[in-house]
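**Student:** One structure follows; several queries about it will come next.
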Number of protein chains: 4
Amino acid sequence: MATVKTDNNQRKSRPKDKRDKILQAALKIFAQKGFYKAKVTEIAQEASVADGTIYLYFNNKHDLLISLFEEIMNNIIKRMTEAIRQEPDPLKRIGVFALTHLQLIDENKDLGVIIQVEIRQSSKFMKEYKNERFAQYLNLIARIIEDGQESGVIRREVIPGVAKRAFFGALDEMSRVLVLSPHKKYEVFSAAEQISRIFISGLAIDPKAQP
Amino acid sequence: MATVKTDNNQRKSRPKDKRDKILQAALKIFAQKGFYKAKVTEIAQEASVADGTIYLYFNNKHDLLISLFEEIMNNIIKRMTEAIRQEPDPLKRIGVFALTHLQLIDENKDLGVIIQVEIRQSSKFMKEYKNERFAQYLNLIARIIEDGQESGVIRREVIPGVAKRAFFGALDEMSRVLVLSPHKKYEVFSAAEQISRIFISGLAIDPKAQP
Amino acid sequence: MATVKTDNNQRKSRPKDKRDKILQAALKIFAQKGFYKAKVTEIAQEASVADGTIYLYFNNKHDLLISLFEEIMNNIIKRMTEAIRQEPDPLKRIGVFALTHLQLIDENKDLGVIIQVEIRQSSKFMKEYKNERFAQYLNLIARIIEDGQESGVIRREVIPGVAKRAFFGALDEMSRVLVLSPHKKYEVFSAAEQISRIFISGLAIDPKAQP
Amino acid sequence: MATVKTDNNQRKSRPKDKRDKILQAALKIFAQKGFYKAKVTEIAQEASVADGTIYLYFNNKHDLLISLFEEIMNNIIKRMTEAIRQEPDPLKRIGVFALTHLQLIDENKDLGVIIQVEIRQSSKFMKEYKNERFAQYLNLIARIIEDGQESGVIRREVIPGVAKRAFFGALDEMSRVLVLSPHKKYEVFSAAEQISRIFISGLAIDPKAQP
DNA sequence: TATGAATGAGAATTCATTCAT
DNA sequence: CATGAATGAATTCTCATTCAT
């Protein structure tokens, strides 16, 4: 007879589930209150877990935040990599990146807030934490630009290391509006298009290039 | 009638001075540690003032941060307004804005950190605080773009409200590198030029426009 | 009839063994860290047993300590009784007691630490626990003195109840040095002899009595 | 007109008073419960002080205990030194030491408990804390013995470093009874005399020496 | 105005113990 | 008998703010 544990799953969560539940709760609470105002008890409650349980999966509150980062960035990187792969043209990839980024944020505003607020904090209060994932994410942009330069559609003088930041910064600042304003003034598509157009025109050799 | 307070100066600092001393100290400490890790006592020490004295000039720690924002943004706006006034051409103004912004940050890194980190936090922990000054600053950019559109050098489809954020975001993200990395990889001028060029080309009707 | 459990030994330890393993582990950890800093988990690990298993053999952490006491004191009393029996002369028995006590501690320092530190604590945190075994041990000394008084070699004015404590205290304090100092300044034999001589001379009617 | 602050003293305690009040409270509570079971809040209450106030005077709970040690040992050493000075004869000094020690403990049982219990713990949980004061106290005994050896009344073979411990141990163990038993079986004087006699006879060249 | 000692609410973390498997 | 994940009460310490001087 086969094990019927399948329905048990709903009653008692397996370890992996619990860690995830905590991370989900942390995402929500951190986004809502920010790292310092978020209380561990609150996160525990949100995750329907005892306070102490959190410490079975994470060393401390900081570690919880960092783990959350990693998880989030891994997801984003995976989804973005996937999205980009679909589009071979470097210039069009810029448009894809912009739209995907803003859509990701728009789908999960908590995520946007975390990136917005905590990524900055992190560099302060966790000097030791090298945000590798974030660097990876930025490098997806750098790669697109380099590809464009190699294939002769993006200006050679452009420094990918600067441009990647400018582009990310533009999107990130834009996403702040998306996240914070309850009535989003600028639609995601519109914003993505505007930013894409600026950067494509700004980076391309042929200024008439379109997203 | 001249102020008669002159001789008092040597004995005891005038109220205005003390408020400034506290704000200076707060700038330094907040930048160094971030709002939550900065201790009021520490700021008091840095300002050579008793803990209680801070509460004679500010309602509480939050108020101190907000007052600091106001002060900082007022300064920046004044300097930026001044810088822009010198240059009538909208497209060239974009270049001026970029360079001035990055130079301001580079001159006073504490200021850069505050803008970077705390401006994001602020939206979290002070829902009530409408960051008017920051909006004003962004609108300096919007105004440049609008002017450019009116004088026919910037594309009409550009939405100033989006573009201003994209441009600020690009500069802000760039300034993070400037502020955090001890050995700045990209020089202020170079960065300013790169970003200017992208945005000028990206926004202008004549794609050959130069900063 | 021989025990038939022999083959089981390789697979699973017999109950008795497990209890002993836990007590051994407790001895080591309690000695190393003291009662409060010793963690149940740690003891479980040292005993290669699950945390919960400890509660199958002992009611709680306190009970574990008390059981450990009993075990230790039983052992010591047995060994000391044996050692004393070999020597009929009351005065010489004092020397035997001293040497045996210090040797026991020296052989197993953990045991010394437990007696040193926890026996004192115990009177604090376990008011209800009457340390019967310890009283028994002290009474071994009292008995020696009484015997000496009866056989006319020890002064009649000596109050055995006081003398037993003085003697034990002297040995115990000495053993603290033995236990704590990595390079024992005073050798066990030398210390035993010194203390014996003081007490024999101090208690005996004939002051020239030798250990 | 002279300041009338004298009566104010009773209303508001000066810094020094507050530190003392906390130490007094700590002495009582530590003695009652032992270091680990004593709660900081409890000590604060006993001292009629806010929890936080304790941390204005001491770094942490450990530091409070150590400071308490220092204070206690300083006092004891002072009183003992004074008592010994009155009596020039080394052998008689042994009697003085014994009586003074037991009287000190008897006067302030809390003090006795602290010495009993925490001095042992201390060697465990504060490896870094070198109990200098305690060493000093022991050396008062060593000095007496050395003096006795020099003046030819104490046996040369006696090792002061061992004898001082034996003597202290005897007194200390005796004081445990004094402290713990509500109905002290052995009077302080009787106990002091018994122990003195043993050690004087045990150490002296002339065995007939009397306390 | 200025001081800084005192306050005490608040929060992260620990760990003995339980109990479903 | 054995396990070890989960629990949550309990505790130390911090620090913004106050207020008597």
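Ligands are numbered from 1 in the order shown, residues from 1 within each chain, and chains are lettered A, B, ... in the order they appear in the structure tokens.
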If we count only C-alpha atoms (C1' of nucleotides), which residues of chain F reach to within 12 Å of chain B? Please list them as a PyMOL selection string.

**Tutor:** chain F and resi 14-19

**Student:** Pairing every C-alpha atom in order, fit chain C onto chain A and give me the RMSD in Å.

**Tutor:** 1.5 Å

**Student:** Return as a PDB file with N, CA and C atoms, in the first residue's frame the residues belonging to chain A that are within 10 Å of chain B, counting only C-alpha atoms.

**Tutor:**
```pdb
ATOM      1  N   ALA A  31       9.070  44.366   4.625  1.00  0.00           N
ATOM      2  CA  ALA A  31       8.625  45.348   3.634  1.00  0.00           C
ATOM      3  C   ALA A  31       7.688  46.361   4.276  1.00  0.00           C
ATOM      4  N   GLN A  32       6.868  45.853   5.164  1.00  0.00           N
ATOM      5  CA  GLN A  32       5.864  46.715   5.782  1.00  0.00           C
ATOM      6  C   GLN A  32       6.497  47.711   6.746  1.00  0.00           C
ATOM      7  N   LYS A  33       7.439  47.240   7.529  1.00  0.00           N
ATOM      8  CA  LYS A  33       7.955  48.067   8.613  1.00  0.00           C
ATOM      9  C   LYS A  33       9.416  48.471   8.482  1.00  0.00           C
ATOM     10  N   GLY A  34      10.133  47.775   7.638  1.00  0.00           N
ATOM     11  CA  GLY A  34      11.567  48.001   7.608  1.00  0.00           C
ATOM     12  C   GLY A  34      12.236  47.109   8.634  1.00  0.00           C
ATOM     13  N   PHE A  35      13.508  46.891   8.444  1.00  0.00           N
ATOM     14  CA  PHE A  35      14.219  45.923   9.273  1.00  0.00           C
ATOM     15  C   PHE A  35      14.122  46.210  10.763  1.00  0.00           C
ATOM     16  N   TYR A  36      14.362  47.443  11.139  1.00  0.00           N
ATOM     17  CA  TYR A  36      14.456  47.735  12.562  1.00  0.00           C
ATOM     18  C   TYR A  36      13.116  47.752  13.272  1.00  0.00           C
ATOM     19  N   LYS A  37      12.104  48.211  12.576  1.00  0.00           N
ATOM     20  CA  LYS A  37      10.805  48.269  13.223  1.00  0.00           C
ATOM     21  C   LYS A  37      10.082  46.919  13.172  1.00  0.00           C
ATOM     22  N   VAL A 113       9.948  46.844  -2.174  1.00  0.00           N
ATOM     23  CA  VAL A 113      10.329  47.627  -1.003  1.00  0.00           C
ATOM     24  C   VAL A 113      11.641  47.126  -0.426  1.00  0.00           C
ATOM     25  N   GLN A 116      14.404  48.239  -2.577  1.00  0.00           N
ATOM     26  CA  GLN A 116      14.524  49.681  -2.388  1.00  0.00           C
ATOM     27  C   GLN A 116      15.244  50.044  -1.098  1.00  0.00           C
ATOM     28  N   VAL A 117      14.635  49.641  -0.011  1.00  0.00           N
ATOM     29  CA  VAL A 117      15.091  50.117   1.292  1.00  0.00           C
ATOM     30  C   VAL A 117      16.251  49.326   1.854  1.00  0.00           C
ATOM     31  N   GLU A 118      16.080  48.020   1.910  1.00  0.00           N
ATOM     32  CA  GLU A 118      17.045  47.244   2.675  1.00  0.00           C
ATOM     33  C   GLU A 118      18.362  47.039   1.969  1.00  0.00           C
ATOM     34  N   ILE A 119      18.318  47.061   0.635  1.00  0.00           N
ATOM     35  CA  ILE A 119      19.565  46.880  -0.083  1.00  0.00           C
ATOM     36  C   ILE A 119      20.526  48.018   0.245  1.00  0.00           C
ATOM     37  N   ARG A 120      19.970  49.161   0.506  1.00  0.00           N
ATOM     38  CA  ARG A 120      20.831  50.292   0.875  1.00  0.00           C
ATOM     39  C   ARG A 120      21.326  50.139   2.299  1.00  0.00           C
ATOM     40  N   GLN A 121      20.395  49.855   3.169  1.00  0.00           N
ATOM     41  CA  GLN A 121      20.765  49.623   4.557  1.00  0.00           C
ATOM     42  C   GLN A 121      21.850  48.578   4.646  1.00  0.00           C
ATOM     43  N   SER A 122      21.621  47.509   3.919  1.00  0.00           N
ATOM     44  CA  SER A 122      22.516  46.367   4.046  1.00  0.00           C
ATOM     45  C   SER A 122      23.968  46.786   3.902  1.00  0.00           C
ATOM     46  N   SER A 123      24.216  47.654   2.954  1.00  0.00           N
ATOM     47  CA  SER A 123      25.605  48.051   2.751  1.00  0.00           C
ATOM     48  C   SER A 123      26.137  48.765   3.984  1.00  0.00           C
ATOM     49  N   LYS A 124      25.236  49.339   4.757  1.00  0.00           N
ATOM     50  CA  LYS A 124      25.646  50.028   5.983  1.00  0.00           C
ATOM     51  C   LYS A 124      25.874  49.058   7.123  1.00  0.00           C
ATOM     52  N   PHE A 125      24.800  48.378   7.503  1.00  0.00           N
ATOM     53  CA  PHE A 125      24.866  47.641   8.756  1.00  0.00           C
ATOM     54  C   PHE A 125      25.425  46.240   8.600  1.00  0.00           C
ATOM     55  N   GLU A 157      32.124  53.928 -26.649  1.00  0.00           N
ATOM     56  CA  GLU A 157      32.595  54.751 -25.517  1.00  0.00           C
ATOM     57  C   GLU A 157      31.840  54.461 -24.230  1.00  0.00           C
ATOM     58  N   VAL A 158      30.677  53.835 -24.390  1.00  0.00           N
ATOM     59  CA  VAL A 158      29.887  53.547 -23.192  1.00  0.00           C
ATOM     60  C   VAL A 158      30.664  52.605 -22.272  1.00  0.00           C
ATOM     61  N   ILE A 159      30.771  52.998 -21.003  1.00  0.00           N
ATOM     62  CA  ILE A 159      31.422  52.119 -20.024  1.00  0.00           C
ATOM     63  C   ILE A 159      30.338  51.256 -19.394  1.00  0.00           C
ATOM     64  N   PRO A 160      30.377  49.960 -19.675  1.00  0.00           N
ATOM     65  CA  PRO A 160      29.290  49.097 -19.184  1.00  0.00           C
ATOM     66  C   PRO A 160      29.093  49.213 -17.671  1.00  0.00           C
ATOM     67  N   GLY A 161      30.198  49.332 -16.948  1.00  0.00           N
ATOM     68  CA  GLY A 161      30.112  49.420 -15.494  1.00  0.00           C
ATOM     69  C   GLY A 161      29.359  50.642 -15.018  1.00  0.00           C
ATOM     70  N   VAL A 162      29.395  51.696 -15.795  1.00  0.00           N
ATOM     71  CA  VAL A 162      28.641  52.892 -15.424  1.00  0.00           C
ATOM     72  C   VAL A 162      27.207  52.773 -15.928  1.00  0.00           C
ATOM     73  N   ALA A 163      27.108  52.347 -17.153  1.00  0.00           N
ATOM     74  CA  ALA A 163      25.782  52.272 -17.766  1.00  0.00           C
ATOM     75  C   ALA A 163      24.859  51.314 -17.035  1.00  0.00           C
ATOM     76  N   LYS A 164      25.420  50.209 -16.556  1.00  0.00           N
ATOM     77  CA  LYS A 164      24.576  49.241 -15.866  1.00  0.00           C
ATOM     78  C   LYS A 164      23.966  49.877 -14.625  1.00  0.00           C
ATOM     79  N   ARG A 165      24.739  50.698 -13.956  1.00  0.00           N
ATOM     80  CA  ARG A 165      24.232  51.349 -12.760  1.00  0.00           C
ATOM     81  C   ARG A 165      23.210  52.423 -13.098  1.00  0.00           C
ATOM     82  N   ALA A 166      23.511  53.154 -14.128  1.00  0.00           N
ATOM     83  CA  ALA A 166      22.576  54.200 -14.531  1.00  0.00           C
ATOM     84  C   ALA A 166      21.223  53.575 -14.884  1.00  0.00           C
ATOM     85  N   PHE A 167      21.287  52.491 -15.609  1.00  0.00           N
ATOM     86  CA  PHE A 167      20.053  51.836 -16.048  1.00  0.00           C
ATOM     87  C   PHE A 167      19.304  51.242 -14.857  1.00  0.00           C
ATOM     88  N   PHE A 168      20.036  50.534 -14.023  1.00  0.00           N
ATOM     89  CA  PHE A 168      19.383  49.967 -12.845  1.00  0.00           C
ATOM     90  C   PHE A 168      18.820  51.073 -11.967  1.00  0.00           C
ATOM     91  N   GLY A 169      19.600  52.119 -11.778  1.00  0.00           N
ATOM     92  CA  GLY A 169      19.149  53.234 -10.936  1.00  0.00           C
ATOM     93  C   GLY A 169      17.863  53.833 -11.456  1.00  0.00           C
ATOM     94  N   ALA A 170      17.797  53.996 -12.743  1.00  0.00           N
ATOM     95  CA  ALA A 170      16.599  54.575 -13.349  1.00  0.00           C
ATOM     96  C   ALA A 170      15.387  53.691 -13.071  1.00  0.00           C
ATOM     97  N   LEU A 171      15.563  52.399 -13.273  1.00  0.00           N
ATOM     98  CA  LEU A 171      14.455  51.466 -13.035  1.00  0.00           C
ATOM     99  C   LEU A 171      14.074  51.419 -11.558  1.00  0.00           C
ATOM    100  N   ASP A 172      15.103  51.418 -10.744  1.00  0.00           N
ATOM    101  CA  ASP A 172      14.876  51.280  -9.310  1.00  0.00           C
ATOM    102  C   ASP A 172      14.130  52.493  -8.765  1.00  0.00           C
ATOM    103  N   GLU A 173      14.550  53.647  -9.182  1.00  0.00           N
ATOM    104  CA  GLU A 173      13.882  54.861  -8.737  1.00  0.00           C
ATOM    105  C   GLU A 173      12.434  54.863  -9.218  1.00  0.00           C
ATOM    106  N   MET A 174      12.272  54.404 -10.432  1.00  0.00           N
ATOM    107  CA  MET A 174      10.920  54.335 -10.987  1.00  0.00           C
ATOM    108  C   MET A 174      10.069  53.373 -10.173  1.00  0.00           C
ATOM    109  N   SER A 175      10.678  52.299  -9.808  1.00  0.00           N
ATOM    110  CA  SER A 175       9.905  51.288  -9.076  1.00  0.00           C
ATOM    111  C   SER A 175       9.508  51.802  -7.703  1.00  0.00           C
ATOM    112  N   ARG A 176      10.234  52.779  -7.203  1.00  0.00           N
ATOM    113  CA  ARG A 176       9.844  53.329  -5.909  1.00  0.00           C
ATOM    114  C   ARG A 176       8.463  53.949  -6.011  1.00  0.00           C
ATOM    115  N   VAL A 177       8.229  54.624  -7.101  1.00  0.00           N
ATOM    116  CA  VAL A 177       6.916  55.232  -7.294  1.00  0.00           C
ATOM    117  C   VAL A 177       5.860  54.140  -7.380  1.00  0.00           C
ATOM    118  N   LEU A 180       5.321  52.700  -3.854  1.00  0.00           N
ATOM    119  CA  LEU A 180       4.802  53.549  -2.780  1.00  0.00           C
ATOM    120  C   LEU A 180       3.442  54.157  -3.079  1.00  0.00           C
ATOM    121  N   LYS A 185       0.608  56.396 -10.837  1.00  0.00           N
ATOM    122  CA  LYS A 185       0.418  57.442 -11.840  1.00  0.00           C
ATOM    123  C   LYS A 185       0.838  56.924 -13.211  1.00  0.00           C
ATOM    124  N   TYR A 186       1.978  56.320 -13.219  1.00  0.00           N
ATOM    125  CA  TYR A 186       2.500  55.840 -14.498  1.00  0.00           C
ATOM    126  C   TYR A 186       2.362  54.346 -14.562  1.00  0.00           C
ATOM    127  N   SER A 190       4.036  51.787 -19.589  1.00  0.00           N
ATOM    128  CA  SER A 190       4.434  53.125 -20.006  1.00  0.00           C
ATOM    129  C   SER A 190       5.806  53.479 -19.453  1.00  0.00           C
ATOM    130  N   ALA A 191       5.976  53.247 -18.178  1.00  0.00           N
ATOM    131  CA  ALA A 191       7.249  53.567 -17.549  1.00  0.00           C
ATOM    132  C   ALA A 191       8.380  52.772 -18.188  1.00  0.00           C
ATOM    133  N   ALA A 192       8.129  51.477 -18.368  1.00  0.00           N
ATOM    134  CA  ALA A 192       9.152  50.627 -18.971  1.00  0.00           C
ATOM    135  C   ALA A 192       9.516  51.152 -20.363  1.00  0.00           C
ATOM    136  N   GLN A 194       9.166  54.221 -21.617  1.00  0.00           N
ATOM    137  CA  GLN A 194       9.870  55.503 -21.525  1.00  0.00           C
ATOM    138  C   GLN A 194      11.351  55.297 -21.212  1.00  0.00           C
ATOM    139  N   ILE A 195      11.575  54.516 -20.181  1.00  0.00           N
ATOM    140  CA  ILE A 195      12.961  54.311 -19.759  1.00  0.00           C
ATOM    141  C   ILE A 195      13.750  53.564 -20.826  1.00  0.00           C
ATOM    142  N   SER A 196      13.132  52.564 -21.401  1.00  0.00           N
ATOM    143  CA  SER A 196      13.804  51.807 -22.463  1.00  0.00           C
ATOM    144  C   SER A 196      14.217  52.733 -23.588  1.00  0.00           C
ATOM    145  N   ARG A 197      13.278  53.564 -23.988  1.00  0.00           N
ATOM    146  CA  ARG A 197      13.534  54.425 -25.122  1.00  0.00           C
ATOM    147  C   ARG A 197      14.707  55.358 -24.850  1.00  0.00           C
ATOM    148  N   ILE A 198      14.696  55.942 -23.671  1.00  0.00           N
ATOM    149  CA  ILE A 198      15.810  56.820 -23.312  1.00  0.00           C
ATOM    150  C   ILE A 198      17.129  56.073 -23.392  1.00  0.00           C
ATOM    151  N   PHE A 199      17.158  54.903 -22.819  1.00  0.00           N
ATOM    152  CA  PHE A 199      18.435  54.199 -22.766  1.00  0.00           C
ATOM    153  C   PHE A 199      18.824  53.615 -24.112  1.00  0.00           C
ATOM    154  N   ILE A 200      17.850  53.146 -24.841  1.00  0.00           N
ATOM    155  CA  ILE A 200      18.205  52.615 -26.159  1.00  0.00           C
ATOM    156  C   ILE A 200      18.743  53.734 -27.050  1.00  0.00           C
ATOM    157  N   SER A 201      18.015  54.794 -27.077  1.00  0.00           N
ATOM    158  CA  SER A 201      18.506  55.934 -27.874  1.00  0.00           C
ATOM    159  C   SER A 201      19.832  56.424 -27.327  1.00  0.00           C
ATOM    160  N   GLY A 202      19.934  56.412 -26.029  1.00  0.00           N
ATOM    161  CA  GLY A 202      21.131  56.944 -25.392  1.00  0.00           C
ATOM    162  C   GLY A 202      22.355  56.086 -25.600  1.00  0.00           C
ATOM    163  N   LEU A 203      22.143  54.800 -25.781  1.00  0.00           N
ATOM    164  CA  LEU A 203      23.277  53.896 -25.881  1.00  0.00           C
ATOM    165  C   LEU A 203      23.582  53.482 -27.314  1.00  0.00           C
ATOM    166  N   ALA A 204      22.539  53.447 -28.135  1.00  0.00           N
ATOM    167  CA  ALA A 204      22.698  52.893 -29.479  1.00  0.00           C
ATOM    168  C   ALA A 204      23.535  53.779 -30.392  1.00  0.00           C
ATOM    169  N   ILE A 205      24.162  53.128 -31.351  1.00  0.00           N
ATOM    170  CA  ILE A 205      24.873  53.873 -32.397  1.00  0.00           C
ATOM    171  C   ILE A 205      23.848  54.500 -33.327  1.00  0.00           C
ATOM    172  N   ASP A 206      22.873  53.700 -33.713  1.00  0.00           N
ATOM    173  CA  ASP A 206      21.785  54.230 -34.539  1.00  0.00           C
ATOM    174  C   ASP A 206      20.713  54.800 -33.625  1.00  0.00           C
ATOM    175  N   PRO A 207      20.587  56.112 -33.600  1.00  0.00           N
ATOM    176  CA  PRO A 207      19.686  56.744 -32.638  1.00  0.00           C
ATOM    177  C   PRO A 207      18.225  56.467 -32.937  1.00  0.00           C
ATOM    178  N   LYS A 208      17.970  55.936 -34.069  1.00  0.00           N
ATOM    179  CA  LYS A 208      16.562  55.673 -34.386  1.00  0.00           C
ATOM    180  C   LYS A 208      16.108  54.303 -33.884  1.00  0.00           C
TER     181      LYS A 208
END
```

**Student:** F:DA5: which residues within 12 Å, counting only C-alpha atoms (C1' of nucleotides), same-chain residues fewer than 4 positions away excluded, as a PyMOL selection string?

**Tutor:** (chain A and resi 12-15+18+49-50+52-57) or (chain C and resi 50-52) or (chain E and resi 18-21)

**Student:** Selection from above, N, CA, C and O atoms (P, O5', C5', C4', C3', O3' and C1' of nucleotides), as an mmCIF file, in the first residue's frame, can you write it?

**Tutor:**
```cif
data_model
loop_
_atom_site.group_PDB
_atom_site.id
_atom_site.type_symbol
_atom_site.label_atom_id
_atom_site.label_comp_id
_atom_site.auth_asym_id
_atom_site.auth_seq_id
_atom_site.Cartn_x
_atom_site.Cartn_y
_atom_site.Cartn_z
ATOM 1 N N LYS A 12 0.752 19.057 8.752
ATOM 2 C CA LYS A 12 2.067 19.349 9.334
ATOM 3 C C LYS A 12 3.040 19.681 8.214
ATOM 4 O O LYS A 12 3.254 18.886 7.311
ATOM 5 N N SER A 13 3.632 20.836 8.292
ATOM 6 C CA SER A 13 4.531 21.227 7.215
ATOM 7 C C SER A 13 5.903 20.589 7.392
ATOM 8 O O SER A 13 6.403 20.439 8.501
ATOM 9 N N ARG A 14 6.499 20.243 6.299
ATOM 10 C CA ARG A 14 7.839 19.691 6.345
ATOM 11 C C ARG A 14 8.840 20.815 6.520
ATOM 12 O O ARG A 14 8.580 21.959 6.135
ATOM 13 N N PRO A 15 10.015 20.506 7.063
ATOM 14 C CA PRO A 15 11.054 21.503 7.329
ATOM 15 C C PRO A 15 11.164 22.572 6.255
ATOM 16 O O PRO A 15 11.074 23.757 6.533
ATOM 17 N N LYS A 18 8.575 25.069 6.288
ATOM 18 C CA LYS A 18 8.610 25.985 7.424
ATOM 19 C C LYS A 18 9.595 27.123 7.180
ATOM 20 O O LYS A 18 9.307 28.280 7.454
ATOM 21 N N VAL A 49 4.245 30.460 13.688
ATOM 22 C CA VAL A 49 5.376 29.697 14.189
ATOM 23 C C VAL A 49 5.782 30.321 15.520
ATOM 24 O O VAL A 49 5.526 31.495 15.758
ATOM 25 N N ALA A 50 6.384 29.560 16.388
ATOM 26 C CA ALA A 50 6.859 30.133 17.655
ATOM 27 C C ALA A 50 8.109 30.975 17.409
ATOM 28 O O ALA A 50 8.868 30.700 16.478
ATOM 29 N N GLY A 52 10.881 31.019 18.845
ATOM 30 C CA GLY A 52 12.101 30.228 18.872
ATOM 31 C C GLY A 52 12.352 29.461 17.587
ATOM 32 O O GLY A 52 13.498 29.200 17.229
ATOM 33 N N THR A 53 11.292 29.116 16.924
ATOM 34 C CA THR A 53 11.424 28.324 15.702
ATOM 35 C C THR A 53 12.245 29.061 14.648
ATOM 36 O O THR A 53 13.014 28.441 13.912
ATOM 37 N N ILE A 54 12.084 30.345 14.601
ATOM 38 C CA ILE A 54 12.845 31.135 13.639
ATOM 39 C C ILE A 54 14.333 30.892 13.815
ATOM 40 O O ILE A 54 15.086 30.795 12.847
ATOM 41 N N TYR A 55 14.723 30.734 15.072
ATOM 42 C CA TYR A 55 16.144 30.550 15.351
ATOM 43 C C TYR A 55 16.628 29.133 15.073
ATOM 44 O O TYR A 55 17.804 28.839 15.216
ATOM 45 N N LEU A 56 15.713 28.269 14.697
ATOM 46 C CA LEU A 56 16.135 26.940 14.247
ATOM 47 C C LEU A 56 16.575 26.997 12.793
ATOM 48 O O LEU A 56 17.348 26.171 12.334
ATOM 49 N N TYR A 57 16.080 28.004 12.085
ATOM 50 C CA TYR A 57 16.369 28.098 10.658
ATOM 51 C C TYR A 57 17.317 29.236 10.314
ATOM 52 O O TYR A 57 17.942 29.227 9.255
ATOM 53 N N ALA C 50 19.653 11.393 21.893
ATOM 54 C CA ALA C 50 18.775 12.521 21.561
ATOM 55 C C ALA C 50 18.406 13.281 22.821
ATOM 56 O O ALA C 50 18.388 12.712 23.917
ATOM 57 N N ASP C 51 18.115 14.556 22.653
ATOM 58 C CA ASP C 51 17.755 15.382 23.813
ATOM 59 C C ASP C 51 16.660 14.712 24.635
ATOM 60 O O ASP C 51 16.757 14.592 25.858
ATOM 61 N N GLY C 52 15.635 14.291 23.944
ATOM 62 C CA GLY C 52 14.481 13.718 24.628
ATOM 63 C C GLY C 52 14.817 12.489 25.449
ATOM 64 O O GLY C 52 14.186 12.215 26.466
ATOM 65 P P DT E 18 8.170 18.243 30.389
ATOM 66 O "O5'" DT E 18 7.319 18.214 29.037
ATOM 67 C "C5'" DT E 18 6.825 19.433 28.529
ATOM 68 C "C4'" DT E 18 6.302 19.242 27.122
ATOM 69 C "C3'" DT E 18 5.578 17.920 26.872
ATOM 70 O "O3'" DT E 18 4.461 18.203 26.042
ATOM 71 C "C1'" DT E 18 7.328 18.136 25.338
ATOM 72 P P DC E 19 3.178 17.346 26.131
ATOM 73 O "O5'" DC E 19 2.979 16.884 24.630
ATOM 74 C "C5'" DC E 19 3.488 17.660 23.542
ATOM 75 C "C4'" DC E 19 3.684 16.762 22.316
ATOM 76 C "C3'" DC E 19 2.949 15.419 22.386
ATOM 77 O "O3'" DC E 19 2.608 15.038 21.062
ATOM 78 C "C1'" DC E 19 5.212 15.008 22.177
ATOM 79 P P DA E 20 1.095 14.816 20.710
ATOM 80 O "O5'" DA E 20 1.153 14.732 19.118
ATOM 81 C "C5'" DA E 20 1.770 15.786 18.379
ATOM 82 C "C4'" DA E 20 2.646 15.216 17.271
ATOM 83 C "C3'" DA E 20 2.037 14.041 16.514
ATOM 84 O "O3'" DA E 20 2.397 14.160 15.139
ATOM 85 C "C1'" DA E 20 4.038 13.337 17.543
ATOM 86 P P DT E 21 1.888 13.102 14.109
ATOM 87 O "O5'" DT E 21 3.175 12.179 13.980
ATOM 88 C "C5'" DT E 21 4.359 12.734 13.396
ATOM 89 C "C4'" DT E 21 5.474 11.736 13.506
ATOM 90 C "C3'" DT E 21 5.193 10.384 12.845
ATOM 91 O "O3'" DT E 21 5.978 10.258 11.670
ATOM 92 C "C1'" DT E 21 6.313 10.168 14.930
#
```

**Student:** Could you pull out the helix (DSSP H, G or I) residues of stretch 8-176 of chain A from DSSP and send them as a ChimeraX atom specification?

**Tutor:** /A:8-11,15-33,40-46,51-57,61-85,90-107,109-125,132-150,160-176

**Student:** Find the residues of chain E that sit at most 9 Å from chain C; for each, write down the nearest two atoms and how far apart they are in Å, to one decimal. Count only C-alpha atoms (C1' of nucleotides). Sort by chain, then by number going up, and give it as CSV.

**Tutor:**
```
residue,atom,partner,partner_atom,distance
E:DC15,C1',C:Lys39,CA,7.5
E:DA16,C1',C:Val40,CA,7.5
E:DT17,C1',C:Asn60,CA,8.2
E:DT18,C1',C:Gly52,CA,8.4
```

**Student:** Using C-alpha atoms (C1' of nucleotides), can you write the selected residues to a file as a PDB file, in the first residue's frame?

**Tutor:**
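Final output, saved to result01.pdb:
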```pdb
ATOM      1  C1'  DC E  15      16.979  26.628  26.166  1.00  0.00           C
ATOM      2  C1'  DA E  16      14.529  23.170  29.216  1.00  0.00           C
ATOM      3  C1'  DT E  17      10.958  20.424  28.115  1.00  0.00           C
ATOM      4  C1'  DT E  18       7.328  18.136  25.338  1.00  0.00           C
TER       5       DT E  18
END
```

**Student:** Any idea what the distance is between atom CA of D:Ala135 and atom CA of D:Lys109?

**Tutor:**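 Value for the atom CA of D:Ala135-atom CA of D:Lys109 distance: 21.3 Å.
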
**Student:** Mind checking which residues fall within 12 Å of C:Lys78, counting only C-alpha atoms (C1' of nucleotides), ignoring those fewer than 2 positions away in the same chain, and posting them as a ChimeraX atom specification?

**Tutor:** /C:70-76,80-85,100-101,104,133,136-137,140
